[in-house]
>>> print(open('work-v1.cif').read())   # mmCIF, C-alpha atoms
data_target
#
loop_
_atom_site.label_atom_id
_atom_site.label_comp_id
_atom_site.auth_asym_id
_atom_site.auth_seq_id
_atom_site.Cartn_x
_atom_site.Cartn_y
_atom_site.Cartn_z
CA MET A 1 231.46 -5.50 191.74
CA ARG A 2 228.31 -4.83 193.75
CA TYR A 3 226.17 -6.58 191.14
CA THR A 4 228.53 -9.55 191.16
CA VAL A 5 228.14 -9.93 194.94
CA VAL A 6 224.34 -9.67 194.71
CA PHE A 7 224.28 -12.27 191.96
CA PHE A 8 226.51 -14.57 194.02
CA PHE A 9 224.23 -14.43 197.08
CA LEU A 10 221.17 -14.89 194.89
CA LEU A 11 222.73 -18.01 193.40
CA LEU A 12 223.51 -19.37 196.87
CA SER A 13 219.91 -18.76 197.97
CA ILE A 14 218.50 -20.62 194.97
CA THR A 15 220.90 -23.53 195.54
CA ALA A 16 220.05 -23.74 199.24
CA PHE A 17 216.31 -23.64 198.49
CA SER A 18 216.59 -26.42 195.92
CA GLN A 19 218.52 -28.56 198.41
CA VAL A 20 215.89 -28.06 201.12
CA THR A 21 213.01 -28.95 198.81
CA ALA A 22 214.87 -32.06 197.61
CA GLU A 23 215.50 -33.38 201.11
CA ASP A 24 213.25 -35.85 202.86
CA SER A 25 210.67 -34.52 205.28
CA ARG A 26 209.02 -36.36 208.13
CA VAL A 27 205.26 -35.98 207.82
CA SER A 28 202.35 -37.52 209.68
CA GLY A 29 198.73 -38.28 208.95
CA THR A 30 195.53 -39.78 210.31
CA ILE A 31 193.42 -42.21 208.29
CA THR A 32 189.69 -42.53 208.94
CA ASN A 33 186.65 -44.28 207.48
CA ASP A 34 184.86 -41.76 205.24
CA ASN A 35 181.49 -43.22 206.29
CA THR A 36 181.90 -43.41 210.07
CA ASN A 37 184.83 -41.01 210.58
CA LEU A 38 186.38 -43.64 212.86
CA PRO A 39 190.16 -44.17 212.69
CA ILE A 40 191.46 -47.19 210.78
CA GLY A 41 194.34 -49.11 212.33
CA ASN A 42 196.85 -51.35 210.54
CA VAL A 43 196.52 -49.53 207.22
CA ASN A 44 199.59 -50.20 205.05
CA ILE A 45 201.24 -47.07 203.66
CA ILE A 46 204.00 -47.42 201.08
CA ASN A 47 206.04 -44.63 199.52
CA LEU A 48 206.24 -45.92 195.94
CA ASN A 49 209.12 -43.60 195.05
CA LYS A 50 211.37 -44.44 198.00
CA VAL A 51 210.05 -48.00 198.47
CA ILE A 52 209.61 -47.63 202.22
CA GLY A 53 206.51 -48.23 204.27
CA THR A 54 204.74 -48.06 207.59
CA ILE A 55 201.37 -48.91 209.16
CA THR A 56 198.84 -46.89 211.15
CA ASP A 57 198.35 -47.42 214.89
CA ASP A 58 194.97 -48.07 216.52
CA LYS A 59 194.20 -44.34 216.23
CA GLY A 60 194.83 -44.31 212.50
CA TYR A 61 198.05 -42.32 212.97
CA PHE A 62 201.27 -42.78 210.98
CA GLU A 63 204.58 -41.04 210.21
CA LEU A 64 206.70 -41.45 207.08
CA ASN A 65 209.66 -39.86 205.30
CA VAL A 66 208.60 -38.20 202.03
CA SER A 67 209.58 -35.65 199.42
CA VAL A 68 207.37 -33.38 197.34
CA SER A 69 205.57 -35.28 194.54
CA ASP A 70 206.18 -38.72 196.10
CA THR A 71 203.25 -41.08 195.65
CA LEU A 72 201.90 -42.99 198.64
CA LEU A 73 199.85 -46.18 198.30
CA LEU A 74 197.34 -46.88 201.07
CA SER A 75 195.79 -50.33 201.33
CA TYR A 76 193.66 -52.17 203.87
CA ILE A 77 191.45 -55.27 203.65
CA GLY A 78 187.85 -54.33 202.88
CA PHE A 79 188.75 -50.82 201.71
CA GLN A 80 189.54 -49.39 198.29
CA SER A 81 193.26 -48.84 197.76
CA LEU A 82 194.22 -45.19 197.55
CA LYS A 83 197.12 -43.37 195.88
CA ILE A 84 198.03 -39.95 197.28
CA ARG A 85 200.59 -37.45 196.01
CA VAL A 86 202.67 -35.57 198.57
CA THR A 87 202.18 -31.82 198.22
CA ASN A 88 204.07 -28.78 199.50
CA ASP A 89 201.12 -28.00 201.78
CA TRP A 90 201.42 -31.37 203.49
CA ILE A 91 205.14 -30.93 204.09
CA LYS A 92 204.62 -27.37 205.30
CA ASN A 93 201.83 -28.31 207.73
CA LYS A 94 203.57 -31.58 208.72
CA THR A 95 200.26 -33.46 209.06
CA THR A 96 197.07 -34.23 207.16
CA LYS A 97 193.83 -36.22 207.37
CA ILE A 98 193.01 -38.95 204.87
CA GLN A 99 189.75 -40.83 204.36
CA MET A 100 189.34 -44.30 202.89
CA THR A 101 186.20 -45.84 201.40
CA GLU A 102 184.90 -49.33 202.18
CA LYS A 103 184.48 -51.75 199.29
CA ALA A 104 181.03 -52.93 198.30
CA ILE A 105 181.56 -56.70 198.19
CA ALA A 106 178.91 -58.95 196.70
CA LEU A 107 179.24 -62.58 197.79
CA GLU A 108 178.78 -65.13 195.05
CA GLU A 109 177.67 -68.72 195.42
CA ILE A 110 180.56 -71.14 195.69
CA ILE A 111 180.09 -74.75 194.65
CA ILE A 112 182.52 -77.25 196.15
CA GLN A 113 183.01 -80.33 194.03
CA PRO A 114 183.22 -83.39 196.33
CA TYR A 115 185.52 -86.33 195.85
CA TYR A 116 183.77 -89.67 196.25
CA LEU A 117 186.22 -91.76 198.25
CA THR A 118 186.04 -95.49 198.83
CA GLY A 119 188.04 -95.69 202.07
CA TYR A 120 190.81 -97.70 200.43
CA LEU A 121 194.04 -95.68 200.32
CA GLU A 122 195.39 -97.30 197.16
CA VAL A 123 192.18 -96.52 195.27
CA ASP A 124 191.50 -93.06 196.74
CA SER A 125 195.04 -91.84 196.05
CA LYS A 126 194.33 -92.29 192.35
CA LEU A 127 190.93 -90.56 192.49
CA ILE A 128 192.19 -87.25 193.88
CA PRO A 129 193.90 -85.15 191.18
CA THR A 130 197.33 -83.72 191.94
CA PRO A 131 199.06 -80.87 190.11
CA ASN A 132 201.94 -82.05 187.98
CA ASN A 133 204.52 -79.29 188.41
CA TYR A 134 208.16 -80.08 187.78
CA ARG A 135 211.34 -78.16 188.56
CA TYR A 136 214.59 -78.69 186.69
CA SER A 137 218.00 -77.80 188.06
CA ILE A 138 220.42 -76.09 185.69
CA SER A 139 224.12 -76.32 186.41
CA GLY A 140 225.62 -73.00 187.48
CA LEU A 141 222.33 -71.51 188.65
CA PRO A 142 221.28 -71.43 192.33
CA GLN A 143 217.65 -72.33 191.65
CA GLY A 144 215.65 -74.55 189.39
CA TYR A 145 212.74 -73.67 187.16
CA GLU A 146 209.16 -74.89 187.32
CA ALA A 147 208.09 -76.37 184.02
CA GLY A 148 204.35 -76.56 184.66
CA GLU A 149 202.49 -79.64 183.51
CA TYR A 150 204.72 -82.23 181.98
CA SER A 151 205.13 -82.22 178.22
CA PRO A 152 207.80 -83.69 175.90
CA ASN A 153 209.09 -80.19 175.06
CA ALA A 154 209.10 -78.81 178.62
CA PHE A 155 212.82 -79.25 179.26
CA GLY A 156 213.71 -77.96 175.81
CA ASN A 157 211.62 -74.83 176.38
CA ILE A 158 213.50 -74.14 179.60
CA LEU A 159 216.89 -74.37 177.95
CA GLY A 160 215.66 -72.27 175.05
CA SER A 161 214.42 -69.48 177.29
CA MET A 162 217.64 -69.46 179.32
CA PHE A 163 220.24 -69.58 176.58
CA ASN A 164 218.64 -68.12 173.47
CA PRO A 165 219.54 -64.39 173.43
CA ALA A 166 216.68 -63.66 171.04
CA ASP A 167 214.11 -65.16 173.37
CA ALA A 168 211.12 -63.05 174.47
CA LEU A 169 212.41 -63.12 178.05
CA TYR A 170 215.54 -61.27 176.97
CA ASN A 171 213.43 -58.68 175.16
CA PHE A 172 211.06 -58.23 178.09
CA PHE A 173 213.72 -57.69 180.73
CA GLY A 174 215.61 -55.43 178.36
CA LYS A 175 212.60 -53.10 178.24
CA LYS A 176 211.75 -53.32 181.95
CA GLY A 177 215.26 -53.27 183.41
CA THR A 178 214.86 -49.92 185.16
CA GLU A 179 211.65 -50.93 186.91
CA LEU A 180 212.95 -54.36 187.90
CA LYS A 181 216.08 -52.88 189.52
CA ARG A 182 213.68 -51.55 192.16
CA LEU A 183 213.32 -55.14 193.37
CA LYS A 184 216.47 -54.79 195.49
CA LYS A 185 215.02 -51.78 197.30
CA ILE A 186 211.66 -53.49 197.76
CA LYS A 187 213.24 -56.54 199.36
CA LYS A 188 215.05 -54.45 202.00
CA ASP A 189 211.99 -52.86 203.65
CA GLU A 190 210.41 -55.16 206.24
CA THR A 191 207.05 -53.36 206.20
CA VAL A 192 206.78 -53.76 202.44
CA ARG A 193 207.76 -57.44 202.64
CA ASN A 194 205.17 -58.13 205.34
CA LEU A 195 202.50 -56.43 203.26
CA LEU A 196 203.35 -58.40 200.13
CA GLU A 197 203.34 -61.64 202.13
CA SER A 198 199.68 -61.06 203.03
CA LYS A 199 198.50 -60.11 199.54
CA PHE A 200 197.58 -62.21 196.52
CA ASP A 201 196.07 -59.62 194.15
CA ARG A 202 199.35 -58.39 192.52
CA GLU A 203 198.03 -54.81 192.78
CA THR A 204 200.63 -53.46 195.21
CA LEU A 205 203.48 -55.35 193.56
CA ALA A 206 202.51 -54.00 190.13
CA MET A 207 202.52 -50.43 191.44
CA LEU A 208 205.88 -50.91 193.13
CA LEU A 209 207.43 -52.23 189.92
CA GLY A 210 205.68 -49.73 187.68
CA ILE A 211 204.24 -52.43 185.44
CA ASP A 212 200.79 -53.82 184.65
CA LYS A 213 199.36 -56.72 186.65
CA LYS A 214 199.09 -58.77 183.45
CA GLU A 215 202.80 -58.34 182.82
CA ILE A 216 203.61 -60.04 186.13
CA ALA A 217 202.01 -63.27 184.94
CA GLU A 218 203.77 -62.84 181.60
CA ILE A 219 207.18 -62.50 183.29
CA LEU A 220 206.67 -65.64 185.38
CA ASP A 221 205.40 -67.57 182.38
CA ARG A 222 208.52 -66.66 180.41
CA CYS A 223 210.63 -67.66 183.41
CA ASN A 224 208.93 -71.07 183.16
CA TYR A 225 207.08 -70.96 186.46
CA SER A 226 204.03 -73.20 186.55
CA GLU A 227 200.49 -71.91 186.19
CA ALA A 228 199.69 -73.30 189.65
CA PHE A 229 202.49 -71.26 191.22
CA ILE A 230 201.49 -68.09 189.37
CA LYS A 231 197.89 -68.39 190.58
CA THR A 232 198.45 -69.47 194.19
CA ALA A 233 201.67 -67.77 195.37
CA ASN A 234 201.48 -64.65 197.53
CA ASP A 235 202.92 -61.36 196.29
CA LEU A 236 206.14 -61.78 198.27
CA GLN A 237 206.78 -65.19 196.69
CA ILE A 238 206.01 -63.70 193.29
CA MET A 239 208.46 -60.85 193.94
CA ASP A 240 211.22 -63.26 194.96
CA ALA A 241 210.56 -65.38 191.86
CA ILE A 242 210.79 -62.38 189.54
CA SER A 243 213.88 -61.14 191.35
CA GLY A 244 215.62 -64.50 191.02
CA CYS A 245 214.77 -64.77 187.34
CA TYR A 246 215.92 -61.21 186.65
CA GLU A 247 219.26 -61.72 188.42
CA GLU A 248 219.89 -64.90 186.42
CA TYR A 249 218.95 -63.08 183.23
CA LYS A 250 221.60 -60.43 183.94
CA VAL A 251 224.27 -63.07 184.54
CA LEU A 252 223.43 -64.89 181.32
CA LYS A 253 223.31 -61.62 179.39
CA LYS A 254 226.87 -60.79 180.47
CA LYS A 255 228.06 -64.22 179.36
#
>>> encode(input="work-v1.cif", output="structure tokens")
Amino acid sequence: MRYTVVFFFLLLSITAFSQVTAEDSRVSGTITNDNTNLPIGNVNIINLNKVIGTITDDKGYFELNVSVSDTLLLSYIGFQSLKIRVTNDWIKNKTTKIQMTEKAIALEEIIIQPYYLTGYLEVDSKLIPTPNNYRYSISGLPQGYEAGEYSPNAFGNILGSMFNPADALYNFFGKKGTELKRLKKIKKDETVRNLLESKFDRETLAMLLGIDKKEIAEILDRCNYSEAFIKTANDLQIMDAISGCYEEYKVLKKK
């Protein structure tokens, strides 16, 4: 009987310990420039596991909810992005110091091609090239699809990608469904949305989704978004486009 009681209390202790370690902890940190040791304000910090974020104040200080082994992504213009894993030591000490390294940016010569205008509106309007991007509305869907530059098969390609169950889009989303479900969590956090709105490099978005940057362009291409949109949209617009396409894919898959 005595051994049974000891075993029971030992089991309770193990269970309680596992629950404590699994719970979120509020930790803090200070981010500085590794060259000058000066604090860096407005650094974006995103917990990639929980899809929540925050930014540093003018003293480089931040606080964030984390769990052991969570991965934090730190990014700031002009500095190399940094991924940090949350350790038991950090949670135990409640605070830590982090250093970021400035990027070495080499400026390249940029040549701007001029347009030779005549001053006559009717003539000049034909001299300046305009991107030919078209969107087609499909009955039953809330949004249309960009077809890129016009071609005789553009509309047929759209219908094929939407309604052919063997299409590559079906196969792609089938493999990446788990990662793309994180889109709902990403869209809820205002800090993450603000960060994505200011970025155009697809780096942060790729890390949040757990996919390669090249796959982002591949997804949008298979969703029939134009090349111009893929190249010029910010990361928030790209996220919303992928999210919309994924939700429509799920509806069509059920049908």
>>> closest_residue(input="work-v1.cif", among="A:Leu73, A:Leu236, A:Leu220, A:Leu183", to="Arg202 (chain A)", atoms="only C-alpha atoms")
A:Leu236
>>> resolve_selection(input="work-v1.cif", expression="the PyMOL selection byres ((chain A and resi 239-241) around 9)", output="list in words")
Leu183, Ile186, Lys187, Leu196, Leu205, Leu220, Cys223, Tyr225, Asn234, Asp235, Leu236, Gln237, Ile238, Ile242, Ser243, Gly244, Cys245 and Tyr246 of chain A
>>> resolve_selection(input="work-v1.cif", expression="the PyMOL selection byres ((chain A and resi 46-48) around 8)", output="PDB file with C-alpha atoms, keeping the file's coordinate frame")
ATOM      1  CA  ASN A  44     199.590 -50.200 205.050  1.00  0.00           C
ATOM      2  CA  ILE A  45     201.240 -47.070 203.660  1.00  0.00           C
ATOM      3  CA  ASN A  49     209.120 -43.600 195.050  1.00  0.00           C
ATOM      4  CA  LYS A  50     211.370 -44.440 198.000  1.00  0.00           C
ATOM      5  CA  VAL A  51     210.050 -48.000 198.470  1.00  0.00           C
ATOM      6  CA  ILE A  52     209.610 -47.630 202.220  1.00  0.00           C
ATOM      7  CA  GLY A  53     206.510 -48.230 204.270  1.00  0.00           C
ATOM      8  CA  THR A  54     204.740 -48.060 207.590  1.00  0.00           C
ATOM      9  CA  VAL A  66     208.600 -38.200 202.030  1.00  0.00           C
ATOM     10  CA  ASP A  70     206.180 -38.720 196.100  1.00  0.00           C
ATOM     11  CA  THR A  71     203.250 -41.080 195.650  1.00  0.00           C
ATOM     12  CA  LEU A  72     201.900 -42.990 198.640  1.00  0.00           C
ATOM     13  CA  LEU A  73     199.850 -46.180 198.300  1.00  0.00           C
ATOM     14  CA  LEU A  74     197.340 -46.880 201.070  1.00  0.00           C
ATOM     15  CA  VAL A 192     206.780 -53.760 202.440  1.00  0.00           C
ATOM     16  CA  MET A 207     202.520 -50.430 191.440  1.00  0.00           C
ATOM     17  CA  LEU A 208     205.880 -50.910 193.130  1.00  0.00           C
TER      18      LEU A 208
END
>>> atom_distance(input="work-v1.cif", atom1="CA of Val86 (chain A)", atom2="CA of Tyr61 (chain A)")
16.6 Å
>>> atom_distance(input="work-v1.cif", atom1="CA of Lys83 (chain A)", atom2="CA of Val43 (chain A)")
12.9 Å
>>> resolve_selection(input="work-v1.cif", expression="the PyMOL selection byres ((chain A and resi 25) around 8)", output="PyMOL selection string")
chain A and resi 23-24+26-27+65-67+91
>>> atom_distance(input="work-v1.cif", atom1="CA of Ala217 (chain A)", atom2="CA of Phe200 (chain A)")
12.4 Å
>>> closest_residue(input="work-v1.cif", among="A:Thr178, A:Ser81, A:Thr191, A:Ser28", to="Asn93 (chain A)", atoms="all atoms listed in the file")
A:Ser28
>>> residues_around(input="work-v1.cif", residues="Thr96 (chain A)", least_positions_apart="5", cutoff="7 Å", atoms="only C-alpha atoms", output="count of residues only")
4
>>> closest_residue(input="work-v1.cif", among="A:Leu38, A:Leu180, A:Val251, A:Leu82", to="Glu203 (chain A)", atoms="all atoms listed in the file")
A:Leu82
>>> residues_around(input="work-v1.cif", residues="Met100 (chain A)", least_positions_apart="6", cutoff="9 Å", atoms="all atoms listed in the file", output="list in words")
Ile31, Thr32, Asn33, Asp34, Asn35, Ile40, Leu74, Ser75, Phe79, Gln80, Ser81 and Leu82 of chain A
